[in-house]
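Working notes for the structure below.
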Amino acid sequence: MRKILIVGSGQSGLQLALSLQEHGYDVTVMSARTPDEIRAGWVTSTQCMFADALAIERKHGLNLWDDVAPRVAGQGFSMAGPDGQRALNWIASWDGGPAQSIDQRVKMAAWLELFEERGGNVVIHGVTTADLNGLARLYELVIVAAGKGELVQLFDRDPSRSPYTKPQRRLSVSYVHGQESRPERPGTTDVWMNIIPGVGELINIPGYTLSGPCDIFYVSGIPGGPFDAFADRPPAEEQLRRHLELFRQYIPWEYERAKNAELTDGKAVLVGGYPPVVRRPVGELPSGGFVLGMADVVVANDPITGQGANNAAKCAESYLGSILENGDRPFDREWMQRAFDRYWEHAQWVTMFTNAMLQPPPPHVQQILGAAQTNPAVAKRFVNGFNNPTDFQHWLLDPAKTEEYLASV
């Protein structure tokens with residue numbers, strides 16, 4: 001029974017640990033917090049998992065919230081015009097089925113308990129490079145799945161794949177109860193992206209948190225602009241107050257729905273921002289041993305396209321395949337690079353699409369967004385690209401292909 005150590009208890013690390021358990025591997029997970037501490041902590045993310053990522057979870061029996069979480073039917077898009085009203089406003093449904101968003105305080109606490117119940121080894125301890133240097137020799141494979149902290153420094157930035165050196169957005173999040181239904185779609189449950197040119201974005205995500213169904217305000221501000229208003233990390237209630245005031249000024253159609261919203265709990269807010277980066281996947285320890293980075297450790301995209309949790313699920317599934325196919329052979333540096341390269345075949349398109357969305361839309365993308373207003377086929381293909389971003393290479397990321405596509409529809 002091969003021994004594997006996974007450092008980190010997020011989407012990718014726990015999903016991989018739980019799926020390796022199915023195949024008889026001796027897996028140890030190191031987590032900085034206990035399940036109860038995770039539940040009692042601050043919000044750590046936004047997330048919206050689409051059909052392909054959810055199918056992976058269901059394959060491994062990890063879909064613990066299908067009966068209680070909102071079934072997110074489609075994705076809407078609005079763009080504010082110069083007069084403060086919507087210049088664009090449209091929606092399309094996903095072909096693969098509903099999306100889902102589970103507060104990671106709920107999900108990771110439950111998964112960590114499930115891993116332990118199934119016989120997994122859990123060590124509650126923050127891990128430094130010095131710790132890992134000593135631990136690595138006890139395992140055949142060490143995977144770093146903790147995207148924050150000292151261990152990330154083991155993995156060098158890949159400048160050829162990382163065009164940004166500074167954060168492109170300042171992020172702030174509030175989880176709330178009490179938002180009203182969208183008046184033009186009463187009773188429906190949709191993700192909605194609102195773009196305010198030159199200012200930033202509000203993405204509204206129906207979710208499930210500690211206290212049940214909720215809505216998530218994901219506010220993404222261009223640095224130095226009006227949405228970049230949370231550097232002082234205000235108290236939770238003040239953060240929500242500022243969110244609502246920004247909605248009132250810049251996206252009044254969303255303010256009308258949100259004005260009576262209340263935080264789901266006292267720790268239901270998040271502030272942050274980081275430069276998107278791709279890192280080299282193999283880290284070398286002082287002892288000369290090698291460790292493999294996964295998911296956000298090696299491919300950290302801006303959350304604007306909602307790909308983080310989806311990427312993590314797909315990375316874990318890709319690494320699972322590489323581990324199983326390796327059999328009894330050593331997990332050496334060359335194998336680690338091949339495992340990452342296999343994942344990068346998908347992740348490269350996610351990175352390219354996300355980085356493009358951080359810039360003002362060029363004319364050919366403006367054409368797509370405008371065409372989606374009147375052509376349901378265009379709207380549906382754009383929305384379904386969030387589930388399968390590899391499709392964007394064929395029609396959105398190249399002006400000539402966009403022109404050809406629009407001519408065909």
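Residue names in the structure tokens use chain letters A, B, ... in the order shown, residue numbers from 1 in each chain, and ligand numbers from 1 in the order shown.
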* Asked: Could you pull the residues within 9 Å of Ile251 in chain A, counting only C-alpha atoms, minus those fewer than 5 positions along the same chain, as a count of residues only?
  -> 9
* Write out as a VMD selection string all residues of range 36-228 of chain A that DSSP puts in alpha helix (DSSP H) for this structure's backbone. => chain A and resid 36 to 39 51 to 59 104 to 117 129 to 135
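Using only C-alpha atoms, the shortest contact distance between Asn384 in chain A and any of A:Asp398, A:Asp67, A:Asp190, A:Asp95 is found at A:Asp95.
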* Asked: Given the choices A:Ile205, A:Cys315, A:Leu171, A:Leu263, which gets closest to Phe227 in chain A if the distance is worked out from only C-alpha atoms?
  ->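 Answer, going by the shortest atom-to-atom distance: A:Leu171.
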* Asked: Leaving out range 111-121 of chain A and any residue of its chain fewer than 3 positions from it, which residues lie within 7 Å of it when counting only C-alpha atoms, given as a ChimeraX atom specification?
  -> /A:14,18,27-29,35,107-108
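Separating CA of Gln348 in chain A from CA of Phe392 in chain A is a distance of 11.3 Å.
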Each range 4-112 of chain A residue no farther than 12 Å from range 130-135 of chain A, nearest pair in Å, only C-alpha atoms, as a Markdown table:
| residue | atom | partner | partner_atom | distance |
| --- | --- | --- | --- | --- |
| A:Ile4 | CA | A:Leu135 | CA | 11.0 |
| A:Leu5 | CA | A:Leu135 | CA | 8.8 |
| A:Ile6 | CA | A:Leu132 | CA | 10.7 |
| A:Val7 | CA | A:Leu132 | CA | 9.1 |
| A:Thr28 | CA | A:Leu135 | CA | 11.2 |
| A:Met30 | CA | A:Leu132 | CA | 10.6 |
* Nearest residue to Ser19 in chain A from the set A:Tyr175, A:Tyr218, A:Tyr274, A:Tyr319 (distances using only C-alpha atoms) -> A:Tyr319
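Ranking A:Leu16, A:Arg280, A:Phe386, A:Asp391 by their shortest atom-to-atom distance to Gly96 in chain A, with only C-alpha atoms included, puts A:Phe386 first.
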* From the list A:Gly149, A:Gly221, A:Pro213, A:Pro389, which residue is nearest Gly272 in chain A when using only C-alpha atoms? ->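 Selected residue with least distance to Gly272 in chain A: A:Gly221.
For the choices A:Gln21, A:Asn388, A:Met79, A:Gln249, the atom-to-atom distance to Asn310 in chain A is smallest for A:Asn388 when using only C-alpha atoms.
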* To do: Rounded to one decimal place, report the CA of Gln100 in chain A-CA of Leu397 in chain A distance in Å.
  =>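 CA of Leu397 in chain A lies at a distance of 26.7 Å from CA of Gln100 in chain A.
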* Find the spatial neighbours of range 283-295 of chain A, counting only C-alpha atoms, within a cut-off of 8 Å - ignore same-chain residues fewer than 2 positions away - and output them as a ChimeraX atom specification. => /A:12,129,132-133,136-137,141-145,147,154-156,280-281,297-300,311-312,315-316,332-333,336,340
* Non-local contacts of Ser160 in chain A (10 Å; only C-alpha atoms; under 2 positions in same chain excluded) as a VMD selection string -> chain A and resid 157 to 158 162 to 163 278 to 279
Hey, what's within 9 Å of Ala109 in chain A if we count only C-alpha atoms and toss same-chain stuff fewer than 6 positions away? As a short mmCIF file (atom, residue, chain, number, x, y, z; two decimals) with N, CA, C and O atoms, in the first residue's frame, please?
data_model
loop_
_atom_site.label_atom_id
_atom_site.label_comp_id
_atom_site.auth_asym_id
_atom_site.auth_seq_id
_atom_site.Cartn_x
_atom_site.Cartn_y
_atom_site.Cartn_z
N SER A 9 -6.18 21.01 3.26
CA SER A 9 -7.50 20.39 3.39
C SER A 9 -8.57 21.21 2.69
O SER A 9 -9.63 21.49 3.24
N THR A 34 -8.96 21.95 12.66
CA THR A 34 -9.91 20.85 12.85
C THR A 34 -11.21 21.18 12.12
O THR A 34 -11.47 22.34 11.77
N PRO A 35 -12.06 20.18 11.90
CA PRO A 35 -13.37 20.48 11.29
C PRO A 35 -14.16 21.53 12.06
O PRO A 35 -14.77 22.43 11.45
N ASP A 36 -14.17 21.46 13.39
CA ASP A 36 -14.91 22.46 14.16
C ASP A 36 -14.31 23.84 14.01
O ASP A 36 -15.04 24.84 13.96
N GLU A 37 -12.99 23.92 13.91
CA GLU A 37 -12.35 25.22 13.72
C GLU A 37 -12.65 25.78 12.33
O GLU A 37 -12.80 27.00 12.16
N ILE A 38 -12.73 24.90 11.35
CA ILE A 38 -13.10 25.35 10.00
C ILE A 38 -14.51 25.94 10.00
O ILE A 38 -14.75 27.03 9.47
N ARG A 39 -15.45 25.23 10.63
CA ARG A 39 -16.83 25.72 10.68
C ARG A 39 -16.94 27.04 11.43
O ARG A 39 -17.78 27.89 11.11
#
Counting only C-alpha atoms, give me one row per residue of range 78-152 of chain A with an atom at most 7 Å from an atom of range 367-377 of chain A, showing the shortest contact pair and its distance in Å to one decimal, sorted by chain then residue number, as JSON lines.
{"residue": "A:Leu88", "atom": "CA", "partner": "A:Gln373", "partner_atom": "CA", "distance": 6.6}
{"residue": "A:Asn89", "atom": "CA", "partner": "A:Gln373", "partner_atom": "CA", "distance": 6.6}
{"residue": "A:Trp90", "atom": "CA", "partner": "A:Gln373", "partner_atom": "CA", "distance": 5.5}
Identify, on the basis of only C-alpha atoms, every residue whose closest approach to Pro226 in chain A does not exceed 12 Å; exclude the query and any residue fewer than 6 positions from it along the same chain; express the result as a PDB file with N, CA and C atoms, in the first residue's frame.
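Saved result, part03.pdb, follows:
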ATOM      1  N   ARG A 169      -7.492  42.788  -9.449  1.00  0.00           N
ATOM      2  CA  ARG A 169      -8.741  43.151  -8.801  1.00  0.00           C
ATOM      3  C   ARG A 169      -8.545  43.131  -7.282  1.00  0.00           C
ATOM      4  N   ARG A 170      -9.298  43.990  -6.590  1.00  0.00           N
ATOM      5  CA  ARG A 170      -9.407  43.947  -5.137  1.00  0.00           C
ATOM      6  C   ARG A 170     -10.753  43.299  -4.813  1.00  0.00           C
ATOM      7  N   ILE A 196     -19.391  46.729 -14.522  1.00  0.00           N
ATOM      8  CA  ILE A 196     -19.412  48.186 -14.564  1.00  0.00           C
ATOM      9  C   ILE A 196     -18.088  48.619 -15.188  1.00  0.00           C
ATOM     10  N   PRO A 197     -18.076  49.019 -16.470  1.00  0.00           N
ATOM     11  CA  PRO A 197     -16.811  49.312 -17.149  1.00  0.00           C
ATOM     12  C   PRO A 197     -15.982  50.353 -16.393  1.00  0.00           C
ATOM     13  N   GLY A 198     -14.701  50.051 -16.244  1.00  0.00           N
ATOM     14  CA  GLY A 198     -13.787  50.952 -15.561  1.00  0.00           C
ATOM     15  C   GLY A 198     -13.857  50.907 -14.054  1.00  0.00           C
ATOM     16  N   VAL A 199     -14.819  50.152 -13.490  1.00  0.00           N
ATOM     17  CA  VAL A 199     -15.014  50.083 -12.035  1.00  0.00           C
ATOM     18  C   VAL A 199     -14.779  48.675 -11.511  1.00  0.00           C
ATOM     19  N   GLY A 200     -15.450  47.679 -12.124  1.00  0.00           N
ATOM     20  CA  GLY A 200     -15.289  46.311 -11.649  1.00  0.00           C
ATOM     21  C   GLY A 200     -16.541  45.497 -11.884  1.00  0.00           C
ATOM     22  N   GLU A 201     -16.744  44.497 -11.054  1.00  0.00           N
ATOM     23  CA  GLU A 201     -17.821  43.547 -11.249  1.00  0.00           C
ATOM     24  C   GLU A 201     -18.499  43.205  -9.912  1.00  0.00           C
ATOM     25  N   VAL A 219     -17.665  41.017  -4.936  1.00  0.00           N
ATOM     26  CA  VAL A 219     -17.388  42.345  -5.476  1.00  0.00           C
ATOM     27  C   VAL A 219     -15.918  42.401  -5.884  1.00  0.00           C
ATOM     28  N   SER A 220     -15.683  42.709  -7.140  1.00  0.00           N
ATOM     29  CA  SER A 220     -14.361  42.663  -7.742  1.00  0.00           C
ATOM     30  C   SER A 220     -14.038  44.053  -8.272  1.00  0.00           C
ATOM     31  N   ARG A 242     -21.121  49.008   3.119  1.00  0.00           N
ATOM     32  CA  ARG A 242     -20.412  49.597   1.977  1.00  0.00           C
ATOM     33  C   ARG A 242     -20.793  48.895   0.677  1.00  0.00           C
ATOM     34  N   HIS A 243     -20.937  47.580   0.719  1.00  0.00           N
ATOM     35  CA  HIS A 243     -21.384  46.872  -0.477  1.00  0.00           C
ATOM     36  C   HIS A 243     -22.708  47.439  -0.973  1.00  0.00           C
ATOM     37  N   GLU A 245     -24.103  50.286  -0.436  1.00  0.00           N
ATOM     38  CA  GLU A 245     -23.977  51.661  -0.922  1.00  0.00           C
ATOM     39  C   GLU A 245     -23.378  51.680  -2.333  1.00  0.00           C
ATOM     40  N   LEU A 246     -22.398  50.822  -2.586  1.00  0.00           N
ATOM     41  CA  LEU A 246     -21.823  50.738  -3.937  1.00  0.00           C
ATOM     42  C   LEU A 246     -22.857  50.228  -4.935  1.00  0.00           C
ATOM     43  N   PHE A 247     -23.666  49.260  -4.520  1.00  0.00           N
ATOM     44  CA  PHE A 247     -24.723  48.786  -5.416  1.00  0.00           C
ATOM     45  C   PHE A 247     -25.694  49.922  -5.736  1.00  0.00           C
ATOM     46  N   GLN A 249     -25.159  53.062  -5.892  1.00  0.00           N
ATOM     47  CA  GLN A 249     -24.573  54.054  -6.789  1.00  0.00           C
ATOM     48  C   GLN A 249     -24.347  53.526  -8.203  1.00  0.00           C
ATOM     49  N   TYR A 250     -23.887  52.268  -8.317  1.00  0.00           N
ATOM     50  CA  TYR A 250     -23.385  51.792  -9.603  1.00  0.00           C
ATOM     51  C   TYR A 250     -24.248  50.715 -10.268  1.00  0.00           C
TER      52      TYR A 250
END
Restrict the calculation to only C-alpha atoms, then for each residue of range 76-188 of chain A with any atom at most 9 Å from an atom of range 40-45 of chain A give the closest atom pair and their distance in Å to one decimal, rows by chain and rising residue number, as CSV.
residue,atom,partner,partner_atom,distance
A:Asp103,CA,A:Val43,CA,7.5
A:Gln104,CA,A:Thr44,CA,6.8
A:Arg105,CA,A:Val43,CA,6.8
A:Val173,CA,A:Ser45,CA,8.1
A:Ser174,CA,A:Val43,CA,8.6
A:Tyr175,CA,A:Val43,CA,8.3
* Asked: How would you write, as a list of chain:residue names, the set of residues in range 58-118 of chain A that DSSP gives as strand (DSSP E or B)?
  ->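 Across range 58-118 of chain A, those assigned strand (DSSP E or B) are A:Val72, A:Gly74, A:Gln75, A:Gly76, A:Phe77, A:Ser78, A:Met79, A:Ala80, A:Arg86, A:Ala87, A:Leu88, A:Asn89, A:Trp90, A:Ile91, A:Ala92, A:Ser93, A:Ala99, A:Gln100, A:Ile102.
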